[in-house]
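Everything on this sheet refers to the single structure shown next.
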Amino acid sequence: MRRRWKLATAGTAAAVVATTSAASAAWTDTATLDTESIGAHQVVAQEAPTCENKGGLLGLLGYAELSWSHVDPRYEYSWEARRVNTGARIGGGVVTPAADAVAPVTADVTPTLLDLGGLAGLQIDILVSARLRGSPSWTAPATTTRVRSVNLLVVGLSIRCGAG
Amino acid sequence: MMTAEQRPRRLAVLVWVSGVVLMLAVGVGGTMAFWSDEATVETGSLAAGRLDVTLNGELAGEGGVLVDTQFQIADLVPGESFARVIAVGNGGTVPLDYTMTGSTSGTLGAALRWTVVPGGSATNAGTVAGGNRAGSCTGGSSTYPSAAISGSATSPTGVIATPRPLAVGASEQVCVIVALDANAASTLQEATATARFVITGIQRGAP
């Protein structure tokens with residue numbers, strides 16, 4: 001009697017399992033979509049600025065005018081001045097041209113913008129970097145232009161292009 | 001007491017009675033046949049249904065991968081975005097429910113932010129020169145609001161996790177926006193990524 005009960009139980013369980021397995025199979029289908037490339041911009045450096053001496057005559061302060069082509073309407077340009085012998089930063093600024101600027105971008109490096117310590121004969125590197133207007137950390141490698149501090153007659157301490 | 005003459009006669013009677021009984025039995029058996037008849041019914045054709053998810057009207061049949069050549073954008077600056085619609089369709093003969101997962105591949109993937117809006121339509125504005133391209137979804141209801149998705153195809157992110165119904169022949173626009181995070185690191189300049197979206201359809205009512 002006990003043996004018949006065990007057999008009946010096993011049979012019932014098997015039937016339940018078989019029935020449950022058959023009822024749980026569900027139809028499925030998958031479809032996959034791949035995008036094409038999503039890419040980020042790379043900030044492009046401007047060419048090395050040209051340098052032109054300005055002022056220094058008729059009592060006007062002498063300064064160096066750097067100019068270069070506007071690379072991209074999304075850019076602005078930061079510049080900084082560093083003493084060649086120590087690497088110390090002695091000045092800087094940001095130039096933000098009109099987005100659609102066609103004319104060259106210019107930066108006037110005047111002695112009033114630099115911490116010269118009253119010294120003439122300093123060799124100074126001007127580093128110019130292009131960067132995104134809304135994301136200033138996105139920059140291009142800098143270009144370097146050499147200028148120097150000089151004492152001009154009458155005018156006094158001035159900035160001139162080149163190493164002298 | 002039975003005489004010698006009476007014994008053969010009684011035996012004959014017995015045999016005769018037995019024979020009669022036997023004949024009756026056979027005869028009764030012959031009259032015991034029941035009436036019967038048979039009739040046949042034939043069905044029409046029995047065919048199984050078909051569950052089929054399509055994308056942008058393509059991928060009829062089981063499975064498949066569609067490369068959406070319109071879903072691409074280059075030269076992103078931080079904060080810019082792009083929107084695109086994926087049309088999810090039921091090309092089968094049975095109603096289904098669908099879900100969607102997403103994953104990215106490539107260095108830029110971690111800095112991308114995704115928004116998924118079932119039922120939305122896509123709009124793109126702005127210009128490259130302005131650095132202000134902006135994609136948006138109109139209508140619908142977002143199921144995944146502006147967040148990164150998995151960088152692993154084997155462990156994708158559920159971007160439509162709650163199953164959405166699709167009747168036979170129906171389709172639903174799923175608007176997807178991809179944005180470059182406004183604080184993306186400068187080291188990601190010129191980096192790229194692609195994305196993969198897997199849409200799974202299951203028969204309506206399945207557990």
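If you're wondering about the labels, chains in the structure tokens are A, B, ... by order shown, residues count from 1 in each chain, ligands from 1 in order shown.
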
Tell me, which residues of range 77-153 of chain A carry DSSP strand (DSSP E), written as a PyMOL selection string? chain A and resi 77-83+89-95+105-109+123-132+143-152

Writing out the chosen residues with N, CA, C and O atoms as a compact mmCIF listing (two decimals), in the first residue's frame:
# COMPACT_ATOMS: atom_id res chain seq x y z
N TYR A 77 40.98 82.55 -28.02
CA TYR A 77 42.42 82.27 -27.90
C TYR A 77 42.94 82.82 -26.59
O TYR A 77 42.66 83.98 -26.22
N SER A 78 43.66 82.00 -25.90
CA SER A 78 44.32 82.48 -24.68
C SER A 78 45.80 82.68 -24.98
O SER A 78 46.38 81.99 -25.80
N TRP A 79 46.39 83.68 -24.35
CA TRP A 79 47.84 83.88 -24.50
C TRP A 79 48.41 84.10 -23.12
O TRP A 79 47.78 84.62 -22.22
N GLU A 80 49.67 83.70 -22.98
CA GLU A 80 50.37 83.95 -21.75
C GLU A 80 51.84 84.23 -22.06
O GLU A 80 52.39 83.73 -23.03
N ALA A 81 52.40 85.08 -21.21
CA ALA A 81 53.80 85.49 -21.36
C ALA A 81 54.64 84.83 -20.27
O ALA A 81 54.26 84.85 -19.10
N ARG A 82 55.75 84.27 -20.66
CA ARG A 82 56.64 83.61 -19.69
C ARG A 82 58.08 84.06 -19.92
O ARG A 82 58.54 84.16 -21.07
N ARG A 83 58.74 84.33 -18.82
CA ARG A 83 60.17 84.68 -18.92
C ARG A 83 60.93 83.44 -19.39
O ARG A 83 60.76 82.35 -18.85
N ARG A 89 55.46 82.83 -15.27
CA ARG A 89 54.38 83.50 -15.99
C ARG A 89 54.33 84.95 -15.52
O ARG A 89 54.22 85.22 -14.32
N ILE A 90 54.35 85.86 -16.47
CA ILE A 90 54.36 87.27 -16.11
C ILE A 90 53.20 88.04 -16.70
O ILE A 90 53.12 89.26 -16.58
N GLY A 91 52.27 87.32 -17.34
CA GLY A 91 51.10 88.02 -17.86
C GLY A 91 50.32 87.11 -18.80
O GLY A 91 50.80 86.03 -19.16
N GLY A 92 49.14 87.59 -19.18
CA GLY A 92 48.33 86.81 -20.12
C GLY A 92 47.00 87.45 -20.38
O GLY A 92 46.68 88.51 -19.82
N GLY A 93 46.20 86.81 -21.24
CA GLY A 93 44.88 87.34 -21.56
C GLY A 93 44.12 86.40 -22.46
O GLY A 93 44.61 85.32 -22.81
N VAL A 94 42.90 86.78 -22.82
CA VAL A 94 42.05 85.99 -23.72
C VAL A 94 41.55 86.91 -24.82
O VAL A 94 41.11 88.04 -24.53
N VAL A 95 41.63 86.44 -26.03
CA VAL A 95 41.12 87.18 -27.17
C VAL A 95 39.93 86.40 -27.72
O VAL A 95 40.08 85.23 -28.09
N VAL A 105 43.11 87.63 -36.20
CA VAL A 105 42.96 87.86 -34.77
C VAL A 105 44.26 88.53 -34.30
O VAL A 105 45.35 88.14 -34.72
N THR A 106 44.16 89.53 -33.43
CA THR A 106 45.36 90.20 -32.95
C THR A 106 45.39 90.23 -31.43
O THR A 106 44.34 90.26 -30.77
N ALA A 107 46.60 90.23 -30.90
CA ALA A 107 46.82 90.37 -29.46
C ALA A 107 47.95 91.36 -29.27
O ALA A 107 49.04 91.18 -29.80
N ASP A 108 47.70 92.45 -28.54
CA ASP A 108 48.71 93.47 -28.30
C ASP A 108 49.40 93.17 -26.97
O ASP A 108 48.75 93.20 -25.93
N VAL A 109 50.68 92.89 -27.08
CA VAL A 109 51.46 92.59 -25.87
C VAL A 109 52.15 93.88 -25.45
O VAL A 109 53.17 94.29 -26.01
N GLN A 123 64.00 88.36 -22.09
CA GLN A 123 63.50 87.53 -23.19
C GLN A 123 62.18 86.93 -22.72
O GLN A 123 62.11 86.32 -21.63
N ILE A 124 61.16 87.07 -23.55
CA ILE A 124 59.81 86.64 -23.14
C ILE A 124 59.18 85.81 -24.24
O ILE A 124 59.20 86.21 -25.42
N ASP A 125 58.64 84.66 -23.87
CA ASP A 125 57.88 83.84 -24.83
C ASP A 125 56.39 84.12 -24.67
O ASP A 125 55.87 84.12 -23.54
N ILE A 126 55.73 84.35 -25.79
CA ILE A 126 54.28 84.51 -25.80
C ILE A 126 53.67 83.22 -26.36
O ILE A 126 53.92 82.87 -27.52
N LEU A 127 52.91 82.50 -25.53
CA LEU A 127 52.29 81.25 -25.94
C LEU A 127 50.81 81.50 -26.23
O LEU A 127 50.07 81.98 -25.36
N VAL A 128 50.39 81.17 -27.44
CA VAL A 128 49.00 81.37 -27.85
C VAL A 128 48.36 80.00 -28.07
O VAL A 128 48.93 79.15 -28.77
N SER A 129 47.16 79.80 -27.46
CA SER A 129 46.44 78.52 -27.60
C SER A 129 45.00 78.78 -28.05
O SER A 129 44.31 79.62 -27.45
N ALA A 130 44.56 78.02 -29.04
CA ALA A 130 43.14 78.04 -29.41
C ALA A 130 42.37 77.20 -28.41
O ALA A 130 42.88 76.17 -27.94
N ARG A 131 41.13 77.59 -28.11
CA ARG A 131 40.29 76.80 -27.21
C ARG A 131 38.82 77.01 -27.55
O ARG A 131 38.45 78.02 -28.17
N LEU A 132 37.98 76.04 -27.14
CA LEU A 132 36.53 76.17 -27.38
C LEU A 132 35.94 77.24 -26.47
O LEU A 132 36.24 77.29 -25.27
N THR A 143 51.28 77.76 -29.70
CA THR A 143 52.40 78.20 -30.54
C THR A 143 53.16 79.27 -29.75
O THR A 143 52.58 79.94 -28.89
N THR A 144 54.41 79.41 -30.04
CA THR A 144 55.27 80.30 -29.24
C THR A 144 55.91 81.37 -30.11
O THR A 144 56.45 81.08 -31.19
N THR A 145 55.85 82.62 -29.63
CA THR A 145 56.46 83.75 -30.32
C THR A 145 57.36 84.49 -29.33
O THR A 145 56.93 84.77 -28.20
N ARG A 146 58.55 84.80 -29.73
CA ARG A 146 59.52 85.44 -28.81
C ARG A 146 59.43 86.96 -28.94
O ARG A 146 59.37 87.52 -30.03
N VAL A 147 59.37 87.63 -27.80
CA VAL A 147 59.46 89.09 -27.74
C VAL A 147 60.48 89.44 -26.65
O VAL A 147 61.00 88.57 -25.96
N ARG A 148 60.77 90.75 -26.49
CA ARG A 148 61.73 91.17 -25.45
C ARG A 148 61.32 92.53 -24.90
O ARG A 148 60.59 93.28 -25.56
N SER A 149 61.78 92.79 -23.75
CA SER A 149 61.54 94.12 -23.15
C SER A 149 62.75 95.01 -23.45
O SER A 149 63.90 94.56 -23.40
N VAL A 150 62.49 96.23 -23.79
CA VAL A 150 63.56 97.17 -24.12
C VAL A 150 63.24 98.53 -23.51
O VAL A 150 62.07 98.83 -23.20
N ASN A 151 64.26 99.31 -23.35
CA ASN A 151 64.06 100.70 -22.93
C ASN A 151 64.19 101.58 -24.16
O ASN A 151 65.26 101.67 -24.76
N LEU A 152 63.11 102.20 -24.53
CA LEU A 152 63.13 103.09 -25.69
C LEU A 152 63.30 104.53 -25.22
O LEU A 152 62.74 104.92 -24.19

Considering only C-alpha atoms, extract the chain B residues located within 7 Å of chain A and return them as a PyMOL selection string. chain B and resi 51-55+62-69+71-78+129-131+186+189-203+206

Who sits within 8 Å of Val94 in chain B, only C-alpha atoms, same chain under 5 positions skipped, as an MDAnalysis selection string: chainID B and resid 49:51 167:168 203:204

Tell me which protein, DNA and RNA residues are within 9 Å of range 151-163 of chain B, counting only C-alpha atoms, leaving out same-chain ones fewer than 3 positions away, and put them as a ChimeraX atom specification. /B:97-106,109-110,115-118,143-144,148,195-199,201-202

For the selection you just gave me, I'd like the residues written to a file as an mmCIF file, in the first residue's frame, keeping C-alpha atoms.
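Output (result.cif):
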data_model
loop_
_atom_site.group_PDB
_atom_site.id
_atom_site.type_symbol
_atom_site.label_atom_id
_atom_site.label_comp_id
_atom_site.auth_asym_id
_atom_site.auth_seq_id
_atom_site.Cartn_x
_atom_site.Cartn_y
_atom_site.Cartn_z
ATOM 1 C CA ASP B 97 5.325 43.486 -25.913
ATOM 2 C CA TYR B 98 8.803 44.931 -26.412
ATOM 3 C CA THR B 99 11.685 46.178 -24.290
ATOM 4 C CA MET B 100 14.948 47.835 -25.309
ATOM 5 C CA THR B 101 18.520 47.780 -24.057
ATOM 6 C CA GLY B 102 21.490 49.911 -25.066
ATOM 7 C CA SER B 103 25.265 49.808 -24.898
ATOM 8 C CA THR B 104 28.168 51.781 -26.333
ATOM 9 C CA SER B 105 31.551 50.906 -27.693
ATOM 10 C CA GLY B 106 34.511 53.274 -27.982
ATOM 11 C CA GLY B 109 31.080 56.232 -24.824
ATOM 12 C CA ALA B 110 31.497 57.118 -21.167
ATOM 13 C CA THR B 115 17.681 60.058 -23.519
ATOM 14 C CA VAL B 116 15.046 57.595 -24.743
ATOM 15 C CA VAL B 117 11.481 58.756 -25.393
ATOM 16 C CA PRO B 118 9.010 56.173 -26.716
ATOM 17 C CA THR B 143 11.870 56.114 -20.063
ATOM 18 C CA TYR B 144 15.571 56.977 -19.796
ATOM 19 C CA ALA B 148 25.199 57.203 -19.655
ATOM 20 C CA ALA B 195 25.940 52.472 -29.844
ATOM 21 C CA ARG B 196 23.902 49.310 -30.104
ATOM 22 C CA PHE B 197 20.212 49.026 -29.229
ATOM 23 C CA VAL B 198 18.606 45.595 -28.878
ATOM 24 C CA ILE B 199 14.820 45.421 -29.034
ATOM 25 C CA GLY B 201 9.678 41.302 -28.431
ATOM 26 C CA ILE B 202 7.780 38.673 -26.447
#

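Here CA of Ala125 in chain B is placed at a distance of 27.3 Å from CA of Ser150 in chain B.
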
Could you pull out the alpha helix (DSSP H) residues of range 3-167 of chain B, going by DSSP on the backbone, and write them as a PyMOL selection string? chain B and resi 6-30

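Near Gly120 in chain B, within 8 Å and counting only C-alpha atoms, sit Val85, Cys137, Thr138, Gly139, Gly140, Ser141, Gln173, Val174 and Cys175 of chain B; same-chain residues fewer than 4 positions away were not included.
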
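Using only C-alpha atoms, the protein and nucleic acid residues lying no more than 8 Å from range 110-113 of chain A, apart from those fewer than 3 places from it along its own chain, are Leu61, Gly62, Tyr63, Ala64, Gly91, Gly92, Leu116, Ser149, Leu157, Ser158 and Ile159 of chain A.
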
Kindly export the residues of the current selection with C-alpha atoms, as an mmCIF file, in the first residue's frame.
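And here is the file that came out, selection07.cif:
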data_model
loop_
_atom_site.group_PDB
_atom_site.id
_atom_site.type_symbol
_atom_site.label_atom_id
_atom_site.label_comp_id
_atom_site.auth_asym_id
_atom_site.auth_seq_id
_atom_site.Cartn_x
_atom_site.Cartn_y
_atom_site.Cartn_z
ATOM 1 C CA LEU A 61 54.275 103.186 -25.664
ATOM 2 C CA GLY A 62 56.076 100.554 -27.649
ATOM 3 C CA TYR A 63 54.348 97.179 -27.883
ATOM 4 C CA ALA A 64 54.294 93.985 -29.973
ATOM 5 C CA GLY A 91 51.099 88.017 -17.863
ATOM 6 C CA GLY A 92 48.328 86.808 -20.119
ATOM 7 C CA LEU A 116 58.553 93.098 -16.043
ATOM 8 C CA SER A 149 61.538 94.122 -23.153
ATOM 9 C CA LEU A 157 60.142 100.329 -21.089
ATOM 10 C CA SER A 158 58.577 98.755 -24.178
ATOM 11 C CA ILE A 159 58.010 95.398 -25.812
#

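Closest approach to Ala122 in chain B among B:Leu108, B:Ala147, B:Val178, B:Ala170: B:Val178, based on only C-alpha atoms.
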
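For the set A:Gln46, A:Leu122, A:Ala142, A:Thr96, the residue with the smallest atom-to-atom gap to Gly164 in chain A is A:Leu122, counting only C-alpha atoms.
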
Any idea what's packed within 6 Å of range 48-51 of chain A, counting only C-alpha atoms, ignoring anything in its chain fewer than 2 positions away? Could you give it as number ranges by chain? A: 65-68, 143, 161

Dump N, CA and C atoms for the selected residues as a short mmCIF file (atom, residue, chain, number, x, y, z; two decimals), in the first residue's frame?
data_model
loop_
_atom_site.label_atom_id
_atom_site.label_comp_id
_atom_site.auth_asym_id
_atom_site.auth_seq_id
_atom_site.Cartn_x
_atom_site.Cartn_y
_atom_site.Cartn_z
N GLU A 65 52.56 93.60 -31.59
CA GLU A 65 51.23 93.12 -32.04
C GLU A 65 51.40 91.75 -32.69
N LEU A 66 50.78 90.75 -32.06
CA LEU A 66 50.78 89.40 -32.63
C LEU A 66 49.50 89.23 -33.42
N SER A 67 49.57 88.56 -34.55
CA SER A 67 48.36 88.31 -35.32
C SER A 67 48.42 86.94 -35.96
N TRP A 68 47.24 86.36 -36.14
CA TRP A 68 47.11 85.03 -36.74
C TRP A 68 45.71 84.88 -37.33
N THR A 143 51.28 77.76 -29.70
CA THR A 143 52.40 78.20 -30.54
C THR A 143 53.16 79.27 -29.75
N CYS A 161 59.38 92.89 -30.88
CA CYS A 161 59.36 91.53 -31.44
C CYS A 161 60.76 90.96 -31.49
#
